[in-house]
Amino acid sequence: MPHRHETGENIINLSSATIAQKNFTVLKMVDLHIQKGKFCYLIGKTGSGKSSLLKTLYGHIPLAGGEGSVAGFDLAKLRTSQIPDLRRRLGIVFQDFQLLPDRTVEKNLKFVLQATGWTDKVKMDDRINEVLESVGMKTKKHKMPHELSGGEQQRVAIARALLNHPELILADEPTGNLDPETSNEIMTLLKKVAVENHAAVVMATHDYHMIQNFPGEAIRCEDGNVSVLDTAELFE
Ligand SMILES: Nc1ncnc2c1ncn2[C@@H]1O[C@H](COP(=O)(O)OP(=O)(O)OP(=O)(O)O)[C@@H](O)[C@H]1O
């Protein structure tokens with residue numbers, strides 16, 4: 001189970017951590033240790049704190065207590081100026097894709113590369129082709145987001161998440177807007193790119209059919225606490 005591994009091998013370490021929205025404590029005494037390269041679900045009822053936990057991990061809300069590190073960044077001491085550096089080490093995928101609607105797939109990806117310090121045009125083009133190839137979208141790079149299906153848009157969003165070789169992909173309900181068949185395709189893709197890129201994945205989901213189809217480990221938010229379990233336990 002993920003919480004038993006040594007600190008140095010972990011991409012996420014939370015110890016006695018408090019996760020809070022404004023002054024409202026969502027989760028407390030959180031101990032969570034996720035090994036590099038692990039695939040982990042994040043489950044729990046609506047309002048149980050899944051999104052708040054992910055937001056703390058990507059520096060959108062501050063750690064409200066205890067200790068925490070993500071990809072080597074100390075969350076308790078994280079300065080605003082370090083947040084872009086942290087984000088560069090992570091890939092983030094959302095339920096609603098969040099592609100820029102006014103530009104092509106290629107320009108969506110180029111925008112991220114430029115915003116994260118890339119300048120060499122040939123290297124940018126090569127990286128864009130590489131990530132689009134890995135999600136099966138290379139032939140669609142001149143399409144606008146509205147010309148793509150939901151599943152295709154999510155493939156592009158996954159490609160975007162991969163651009164800077166993340167060690168950790170955080171995915172908040174990435175299949176929440178997709179039909180079951182497309183959800184399975186996206187899940188298969190996420191698992192494939194995680195292995196290819198040696199990236200860990202923490203994926204929040206409500207979708208128990210998918211968890212049943214793709215068993216694994218899960219972090220569960222419940223009653224203000226976090227526990228780790230094997231998804232097989234959910235269906236006993
Ligand atoms: N911006 C905010 N200000 C104050 N409280 C918030 C804020 N966002 C969320 N909360 C509260 O924090 C708690 C956890 O919310 P969170 O969005 O993390 O849950 P969740 O498990 O991701 O739910 P869902 O599955 O519905 O997305 C909820 O009680 C929610 O009302």
# chains A, B, ... in the order shown; residues from 1 in each chain; ligands from 1
call {"tool": "residues_near_ligand", "arguments": {"ligand": "ligand 1", "cutoff": "10 Å", "atoms": "only C-alpha atoms and all ligand atoms", "output": "number ranges by chain"}}
result
A: 19-27, 42-56, 61, 172-173, 204-206, 220-222, 224
call {"tool": "write_last_selection", "arguments": {"atoms": "N, CA and C atoms", "output": "tab-separated table (two decimals), in the first residue's frame"}}
result
chain	number	residue	atom	x	y	z
A	19	ILE	N	-6.10	20.14	5.69
A	19	ILE	CA	-6.53	20.69	4.41
A	19	ILE	C	-7.76	21.54	4.70
A	20	ALA	N	-7.71	22.81	4.33
A	20	ALA	CA	-8.82	23.71	4.67
A	20	ALA	C	-9.17	24.61	3.50
A	21	GLN	N	-10.46	24.93	3.42
A	21	GLN	CA	-10.97	25.92	2.46
A	21	GLN	C	-11.32	27.15	3.28
A	22	LYS	N	-10.66	28.29	3.02
A	22	LYS	CA	-10.81	29.48	3.86
A	22	LYS	C	-10.54	29.05	5.31
A	23	ASN	N	-11.49	29.27	6.22
A	23	ASN	CA	-11.24	28.87	7.61
A	23	ASN	C	-11.91	27.54	7.96
A	24	PHE	N	-12.45	26.86	6.97
A	24	PHE	CA	-13.19	25.63	7.21
A	24	PHE	C	-12.27	24.42	7.00
A	25	THR	N	-12.06	23.65	8.08
A	25	THR	CA	-11.19	22.48	7.97
A	25	THR	C	-11.93	21.35	7.24
A	26	VAL	N	-11.36	20.90	6.14
A	26	VAL	CA	-11.99	19.85	5.33
A	26	VAL	C	-11.44	18.47	5.74
A	27	LEU	N	-10.12	18.38	5.89
A	27	LEU	CA	-9.47	17.12	6.28
A	27	LEU	C	-8.41	17.44	7.33
A	42	LEU	N	-8.60	8.66	-6.07
A	42	LEU	CA	-8.98	9.48	-4.93
A	42	LEU	C	-10.50	9.45	-4.90
A	43	ILE	N	-11.05	8.81	-3.87
A	43	ILE	CA	-12.50	8.60	-3.83
A	43	ILE	C	-13.08	9.22	-2.56
A	44	GLY	N	-14.40	9.31	-2.55
A	44	GLY	CA	-15.10	9.87	-1.39
A	44	GLY	C	-16.35	10.57	-1.88
A	45	LYS	N	-17.32	10.69	-0.95
A	45	LYS	CA	-18.59	11.31	-1.33
A	45	LYS	C	-18.39	12.75	-1.73
A	46	THR	N	-19.42	13.30	-2.38
A	46	THR	CA	-19.34	14.71	-2.75
A	46	THR	C	-19.16	15.56	-1.48
A	47	GLY	N	-18.26	16.52	-1.56
A	47	GLY	CA	-17.99	17.39	-0.41
A	47	GLY	C	-17.04	16.79	0.61
A	48	SER	N	-16.49	15.60	0.33
A	48	SER	CA	-15.62	14.95	1.32
A	48	SER	C	-14.20	15.50	1.31
A	49	GLY	N	-13.85	16.28	0.27
A	49	GLY	CA	-12.55	16.94	0.30
A	49	GLY	C	-11.57	16.54	-0.80
A	50	LYS	N	-12.05	15.79	-1.80
A	50	LYS	CA	-11.13	15.34	-2.86
A	50	LYS	C	-10.50	16.52	-3.60
A	51	SER	N	-11.35	17.43	-4.05
A	51	SER	CA	-10.81	18.57	-4.80
A	51	SER	C	-9.93	19.44	-3.92
A	52	SER	N	-10.32	19.60	-2.66
A	52	SER	CA	-9.50	20.43	-1.75
A	52	SER	C	-8.12	19.80	-1.57
A	53	LEU	N	-8.08	18.47	-1.47
A	53	LEU	CA	-6.79	17.79	-1.33
A	53	LEU	C	-5.94	18.02	-2.58
A	54	LEU	N	-6.55	17.82	-3.76
A	54	LEU	CA	-5.79	18.04	-5.01
A	54	LEU	C	-5.31	19.48	-5.10
A	55	LYS	N	-6.18	20.43	-4.72
A	55	LYS	CA	-5.80	21.85	-4.81
A	55	LYS	C	-4.63	22.17	-3.89
A	56	THR	N	-4.60	21.51	-2.74
A	56	THR	CA	-3.45	21.71	-1.83
A	56	THR	C	-2.19	21.15	-2.48
A	61	ILE	N	-4.47	26.01	-2.94
A	61	ILE	CA	-4.79	26.46	-1.58
A	61	ILE	C	-3.63	26.06	-0.67
A	172	ASP	N	-8.63	15.57	-11.80
A	172	ASP	CA	-9.85	15.78	-11.01
A	172	ASP	C	-11.06	15.37	-11.86
A	173	GLU	N	-11.59	14.19	-11.63
A	173	GLU	CA	-12.74	13.65	-12.39
A	173	GLU	C	-12.52	13.73	-13.90
A	204	ALA	N	-9.01	11.68	-9.01
A	204	ALA	CA	-10.28	11.74	-8.29
A	204	ALA	C	-11.38	11.22	-9.20
A	205	THR	N	-12.24	10.36	-8.66
A	205	THR	CA	-13.35	9.86	-9.46
A	205	THR	C	-14.53	9.44	-8.59
A	206	HIS	N	-15.73	9.55	-9.19
A	206	HIS	CA	-16.96	9.03	-8.60
A	206	HIS	C	-17.37	7.73	-9.28
A	220	ARG	N	-9.10	7.31	0.20
A	220	ARG	CA	-10.51	7.65	0.45
A	220	ARG	C	-10.61	8.80	1.44
A	221	CYS	N	-11.38	9.84	1.06
A	221	CYS	CA	-11.69	10.95	1.97
A	221	CYS	C	-13.03	10.62	2.61
A	222	GLU	N	-13.06	10.62	3.93
A	222	GLU	CA	-14.29	10.27	4.63
A	222	GLU	C	-14.24	10.86	6.04
A	224	GLY	N	-13.69	13.67	7.28
A	224	GLY	CA	-12.57	14.56	7.63
A	224	GLY	C	-11.22	13.88	7.69
call {"tool": "residues_around", "arguments": {"residues": "segment 106-108 of chain A", "least_positions_apart": "3", "cutoff": "12 Å", "atoms": "only C-alpha atoms", "output": "ChimeraX atom specification"}}
result
/A:97-103,111-115,124-132,137-145,153,156-157,159-161,163
call {"tool": "write_last_selection", "arguments": {"atoms": "N, CA and C atoms", "output": "compact mmCIF listing (two decimals), in the first residue's frame"}}
result
# COMPACT_ATOMS: atom_id res chain seq x y z
N PHE A 97 -11.82 19.74 -19.24
CA PHE A 97 -10.74 19.82 -20.23
C PHE A 97 -9.93 21.14 -20.14
N GLN A 98 -10.66 22.28 -20.11
CA GLN A 98 -10.00 23.59 -19.97
C GLN A 98 -8.97 23.88 -21.05
N LEU A 99 -9.35 23.57 -22.29
CA LEU A 99 -8.54 24.02 -23.42
C LEU A 99 -8.94 25.46 -23.75
N LEU A 100 -8.00 26.24 -24.29
CA LEU A 100 -8.35 27.60 -24.70
C LEU A 100 -9.17 27.49 -25.98
N PRO A 101 -10.41 28.03 -25.98
CA PRO A 101 -11.33 27.78 -27.10
C PRO A 101 -10.98 28.54 -28.38
N ASP A 102 -10.12 29.56 -28.26
CA ASP A 102 -9.88 30.45 -29.41
C ASP A 102 -8.67 30.07 -30.24
N ARG A 103 -8.07 28.90 -29.97
CA ARG A 103 -6.88 28.53 -30.75
C ARG A 103 -6.83 27.02 -30.95
N PHE A 111 1.18 27.44 -26.27
CA PHE A 111 0.93 28.45 -25.24
C PHE A 111 1.52 28.00 -23.90
N VAL A 112 1.30 26.73 -23.55
CA VAL A 112 1.81 26.21 -22.28
C VAL A 112 3.34 26.15 -22.29
N LEU A 113 3.90 25.70 -23.41
CA LEU A 113 5.37 25.64 -23.49
C LEU A 113 5.98 27.03 -23.31
N GLN A 114 5.40 28.02 -24.02
CA GLN A 114 5.95 29.38 -23.91
C GLN A 114 5.79 29.93 -22.50
N ALA A 115 4.65 29.62 -21.88
CA ALA A 115 4.40 30.11 -20.51
C ALA A 115 5.32 29.44 -19.50
N MET A 124 10.13 23.01 -29.45
CA MET A 124 8.70 23.09 -29.09
C MET A 124 7.86 22.24 -30.04
N ASP A 125 8.14 22.39 -31.35
CA ASP A 125 7.37 21.61 -32.34
C ASP A 125 7.57 20.11 -32.12
N ASP A 126 8.81 19.72 -31.85
CA ASP A 126 9.10 18.30 -31.62
C ASP A 126 8.33 17.77 -30.41
N ARG A 127 8.34 18.56 -29.32
CA ARG A 127 7.67 18.09 -28.09
C ARG A 127 6.15 18.02 -28.31
N ILE A 128 5.61 18.99 -29.02
CA ILE A 128 4.17 18.98 -29.30
C ILE A 128 3.81 17.73 -30.10
N ASN A 129 4.62 17.43 -31.13
CA ASN A 129 4.35 16.23 -31.93
C ASN A 129 4.45 14.96 -31.09
N GLU A 130 5.46 14.93 -30.21
CA GLU A 130 5.66 13.75 -29.36
C GLU A 130 4.45 13.49 -28.46
N VAL A 131 3.99 14.54 -27.75
CA VAL A 131 2.88 14.31 -26.80
C VAL A 131 1.58 14.02 -27.54
N LEU A 132 1.38 14.67 -28.69
CA LEU A 132 0.15 14.39 -29.45
C LEU A 132 0.17 12.97 -30.01
N MET A 137 -3.36 11.86 -31.16
CA MET A 137 -4.04 13.06 -31.67
C MET A 137 -3.18 13.88 -32.63
N LYS A 138 -2.11 13.27 -33.15
CA LYS A 138 -1.19 14.05 -33.99
C LYS A 138 -1.87 14.58 -35.25
N THR A 139 -2.79 13.81 -35.78
CA THR A 139 -3.45 14.25 -37.02
C THR A 139 -4.46 15.37 -36.79
N LYS A 140 -4.75 15.67 -35.54
CA LYS A 140 -5.79 16.69 -35.24
C LYS A 140 -5.18 17.99 -34.73
N LYS A 141 -3.90 18.19 -34.96
CA LYS A 141 -3.27 19.32 -34.27
C LYS A 141 -3.72 20.67 -34.80
N HIS A 142 -4.29 20.72 -36.00
CA HIS A 142 -4.77 22.01 -36.52
C HIS A 142 -6.25 22.24 -36.26
N LYS A 143 -6.87 21.33 -35.53
CA LYS A 143 -8.30 21.49 -35.20
C LYS A 143 -8.48 22.47 -34.04
N MET A 144 -9.65 23.11 -34.03
CA MET A 144 -10.04 23.94 -32.88
C MET A 144 -10.69 23.01 -31.84
N PRO A 145 -10.62 23.36 -30.55
CA PRO A 145 -11.24 22.48 -29.54
C PRO A 145 -12.70 22.13 -29.84
N GLN A 153 -10.94 15.97 -26.79
CA GLN A 153 -10.47 17.14 -26.02
C GLN A 153 -9.71 16.69 -24.78
N VAL A 156 -6.26 15.68 -25.68
CA VAL A 156 -5.39 16.86 -25.86
C VAL A 156 -4.99 17.41 -24.48
N ALA A 157 -5.95 17.43 -23.55
CA ALA A 157 -5.64 17.93 -22.20
C ALA A 157 -4.58 17.04 -21.53
N ALA A 159 -2.29 15.32 -23.23
CA ALA A 159 -1.05 15.68 -23.94
C ALA A 159 -0.45 16.95 -23.33
N ARG A 160 -1.31 17.91 -23.07
CA ARG A 160 -0.84 19.19 -22.48
C ARG A 160 -0.21 18.94 -21.12
N ALA A 161 -0.82 18.04 -20.34
CA ALA A 161 -0.30 17.74 -19.00
C ALA A 161 1.09 17.10 -19.07
N LEU A 163 3.50 17.78 -21.29
CA LEU A 163 4.51 18.58 -22.00
C LEU A 163 5.84 18.71 -21.25
call {"tool": "atom_distance", "arguments": {"atom1": "atom CA of Asp31 of chain A", "atom2": "atom CA of Ser15 of chain A"}}
result
4.5 Å
call {"tool": "select_by_dssp", "arguments": {"residues": "segment 30-233 of chain A", "states": "strand (DSSP E or B)", "output": "ChimeraX atom specification"}}
result
/A:30-35,39-43,65-70,73-74,90-94,168-172,200-204,217-222,225-230
call {"tool": "write_last_selection", "arguments": {"atoms": "N, CA and C atoms", "output": "tab-separated table (two decimals), in the first residue's frame"}}
result
chain	number	residue	atom	x	y	z
A	30	VAL	N	-3.97	14.30	8.24
A	30	VAL	CA	-3.81	13.48	7.02
A	30	VAL	C	-2.36	12.97	6.93
A	31	ASP	N	-2.23	11.66	6.87
A	31	ASP	CA	-0.93	11.03	6.62
A	31	ASP	C	-1.03	10.28	5.31
A	32	LEU	N	-0.28	10.73	4.34
A	32	LEU	CA	-0.40	10.14	3.01
A	32	LEU	C	0.96	10.14	2.35
A	33	HIS	N	1.38	8.97	1.90
A	33	HIS	CA	2.70	8.85	1.29
A	33	HIS	C	2.54	8.06	0.00
A	34	ILE	N	2.72	8.72	-1.12
A	34	ILE	CA	2.53	8.08	-2.42
A	34	ILE	C	3.88	7.93	-3.10
A	35	GLN	N	4.14	6.68	-3.46
A	35	GLN	CA	5.43	6.34	-4.07
A	35	GLN	C	5.51	6.87	-5.51
A	39	PHE	N	-0.10	4.56	-9.43
A	39	PHE	CA	-1.41	5.02	-9.89
A	39	PHE	C	-2.38	4.86	-8.74
A	40	CYS	N	-3.06	5.89	-8.37
A	40	CYS	CA	-3.94	5.88	-7.20
A	40	CYS	C	-5.23	6.62	-7.48
A	41	TYR	N	-6.35	6.03	-7.12
A	41	TYR	CA	-7.61	6.77	-7.19
A	41	TYR	C	-7.75	7.65	-5.95
A	42	LEU	N	-8.60	8.66	-6.07
A	42	LEU	CA	-8.98	9.48	-4.93
A	42	LEU	C	-10.50	9.45	-4.90
A	43	ILE	N	-11.05	8.81	-3.87
A	43	ILE	CA	-12.50	8.60	-3.83
A	43	ILE	C	-13.08	9.22	-2.56
A	65	GLY	N	-1.91	23.17	7.88
A	65	GLY	CA	-1.26	22.69	9.10
A	65	GLY	C	-0.50	21.42	8.82
A	66	GLY	N	0.43	21.07	9.69
A	66	GLY	CA	1.21	19.85	9.52
A	66	GLY	C	2.29	20.02	8.46
A	67	GLU	N	2.74	18.89	7.92
A	67	GLU	CA	3.85	18.92	6.97
A	67	GLU	C	3.42	18.32	5.64
A	68	GLY	N	4.04	18.78	4.58
A	68	GLY	CA	3.71	18.21	3.28
A	68	GLY	C	4.76	18.51	2.25
A	69	SER	N	5.01	17.54	1.37
A	69	SER	CA	5.86	17.84	0.22
A	69	SER	C	5.29	17.15	-1.02
A	70	VAL	N	5.46	17.83	-2.14
A	70	VAL	CA	5.04	17.30	-3.44
A	70	VAL	C	6.18	17.54	-4.41
A	73	PHE	N	8.86	19.78	-3.29
A	73	PHE	CA	8.52	21.12	-2.80
A	73	PHE	C	7.87	21.01	-1.42
A	74	ASP	N	8.36	21.81	-0.48
A	74	ASP	CA	7.82	21.82	0.88
A	74	ASP	C	6.56	22.68	0.90
A	90	LEU	N	4.28	19.22	-12.37
A	90	LEU	CA	3.04	18.44	-12.30
A	90	LEU	C	2.31	18.52	-13.63
A	91	GLY	N	1.47	17.51	-13.90
A	91	GLY	CA	0.51	17.61	-14.99
A	91	GLY	C	-0.86	17.62	-14.35
A	92	ILE	N	-1.71	18.55	-14.77
A	92	ILE	CA	-3.03	18.63	-14.14
A	92	ILE	C	-4.09	18.47	-15.22
A	93	VAL	N	-5.06	17.59	-14.94
A	93	VAL	CA	-6.13	17.30	-15.90
A	93	VAL	C	-7.47	17.51	-15.18
A	94	PHE	N	-8.37	18.24	-15.82
A	94	PHE	CA	-9.66	18.57	-15.19
A	94	PHE	C	-10.81	17.87	-15.92
A	168	LEU	N	4.30	13.75	-11.62
A	168	LEU	CA	3.00	13.49	-10.98
A	168	LEU	C	1.91	14.12	-11.82
A	169	ILE	N	0.88	13.32	-12.12
A	169	ILE	CA	-0.30	13.83	-12.82
A	169	ILE	C	-1.46	13.84	-11.83
A	170	LEU	N	-2.08	15.00	-11.64
A	170	LEU	CA	-3.25	15.12	-10.77
A	170	LEU	C	-4.46	15.29	-11.68
A	171	ALA	N	-5.43	14.40	-11.52
A	171	ALA	CA	-6.58	14.42	-12.42
A	171	ALA	C	-7.86	14.50	-11.58
A	172	ASP	N	-8.63	15.57	-11.80
A	172	ASP	CA	-9.85	15.78	-11.01
A	172	ASP	C	-11.06	15.37	-11.86
A	200	ALA	N	3.62	9.33	-11.54
A	200	ALA	CA	2.55	8.88	-10.64
A	200	ALA	C	1.27	9.60	-11.05
A	201	VAL	N	0.13	8.98	-10.74
A	201	VAL	CA	-1.16	9.60	-11.03
A	201	VAL	C	-2.03	9.54	-9.78
A	202	VAL	N	-2.64	10.65	-9.43
A	202	VAL	CA	-3.72	10.65	-8.43
A	202	VAL	C	-4.95	11.15	-9.16
A	203	MET	N	-5.94	10.27	-9.23
A	203	MET	CA	-7.12	10.56	-10.04
A	203	MET	C	-8.40	10.52	-9.20
A	204	ALA	N	-9.01	11.68	-9.01
A	204	ALA	CA	-10.28	11.74	-8.29
A	204	ALA	C	-11.38	11.22	-9.20
A	217	GLU	N	-5.24	0.90	-6.18
A	217	GLU	CA	-5.25	1.47	-4.84
A	217	GLU	C	-6.04	2.76	-4.83
A	218	ALA	N	-6.64	3.06	-3.70
A	218	ALA	CA	-7.44	4.27	-3.61
A	218	ALA	C	-7.18	5.00	-2.30
A	219	ILE	N	-7.16	6.31	-2.40
A	219	ILE	CA	-7.14	7.18	-1.23
A	219	ILE	C	-8.60	7.56	-1.00
A	220	ARG	N	-9.10	7.31	0.20
A	220	ARG	CA	-10.51	7.65	0.45
A	220	ARG	C	-10.61	8.80	1.44
A	221	CYS	N	-11.38	9.84	1.06
A	221	CYS	CA	-11.69	10.95	1.97
A	221	CYS	C	-13.03	10.62	2.61
A	222	GLU	N	-13.06	10.62	3.93
A	222	GLU	CA	-14.29	10.27	4.63
A	222	GLU	C	-14.24	10.86	6.04
A	225	ASN	N	-11.17	12.60	7.32
A	225	ASN	CA	-9.90	11.86	7.34
A	225	ASN	C	-9.62	11.22	5.99
A	226	VAL	N	-8.39	10.74	5.87
A	226	VAL	CA	-7.98	10.06	4.64
A	226	VAL	C	-7.48	8.68	4.99
A	227	SER	N	-7.91	7.67	4.23
A	227	SER	CA	-7.35	6.33	4.42
A	227	SER	C	-6.99	5.77	3.05
A	228	VAL	N	-6.18	4.73	3.06
A	228	VAL	CA	-5.76	4.13	1.79
A	228	VAL	C	-6.27	2.70	1.76
A	229	LEU	N	-6.83	2.27	0.64
A	229	LEU	CA	-7.38	0.92	0.55
A	229	LEU	C	-7.17	0.35	-0.84
A	230	ASP	N	-7.39	-0.95	-0.93
A	230	ASP	CA	-7.37	-1.63	-2.22
A	230	ASP	C	-8.80	-1.58	-2.75
call {"tool": "select_by_dssp", "arguments": {"residues": "segment 21-188 of chain A", "states": "alpha helix (DSSP H)", "output": "JSON, numbers by chain"}}
result
{"A": [50, 51, 52, 53, 54, 55, 56, 57, 83, 84, 85, 86, 87, 88, 89, 105, 106, 107, 108, 109, 110, 111, 112, 113, 114, 115, 121, 122, 123, 124, 125, 126, 127, 128, 129, 130, 131, 132, 133, 134, 150, 151, 152, 153, 154, 155, 156, 157, 158, 159, 160, 161, 162, 180, 181, 182, 183, 184, 185, 186, 187, 188]}
call {"tool": "atom_distance", "arguments": {"atom1": "atom CA of Ile11 of chain A", "atom2": "atom CA of Leu86 of chain A"}}
result
12.1 Å
call {"tool": "closest_residue", "arguments": {"among": "A:Leu162, A:Leu190, A:Val122, A:Ala17", "to": "Leu75 of chain A", "atoms": "only C-alpha atoms"}}
result
A:Ala17
call {"tool": "atom_distance", "arguments": {"atom1": "atom CA of Asn164 of chain A", "atom2": "atom CA of Trp118 of chain A"}}
result
9.7 Å
call {"tool": "closest_residue", "arguments": {"among": "A:Arg87, A:Gly150, A:Met187, A:Ala194", "to": "Pro215 of chain A", "atoms": "only C-alpha atoms"}}
result
A:Met187
call {"tool": "closest_residue", "arguments": {"among": "A:Asp85, A:Ile211, A:Val135, A:Thr104", "to": "Gly117 of chain A", "atoms": "only C-alpha atoms"}}
result
A:Asp85
call {"tool": "closest_residue", "arguments": {"among": "A:Val195, A:Ala71, A:Met210, A:Leu109", "to": "Thr175 of chain A", "atoms": "only C-alpha atoms"}}
result
A:Met210
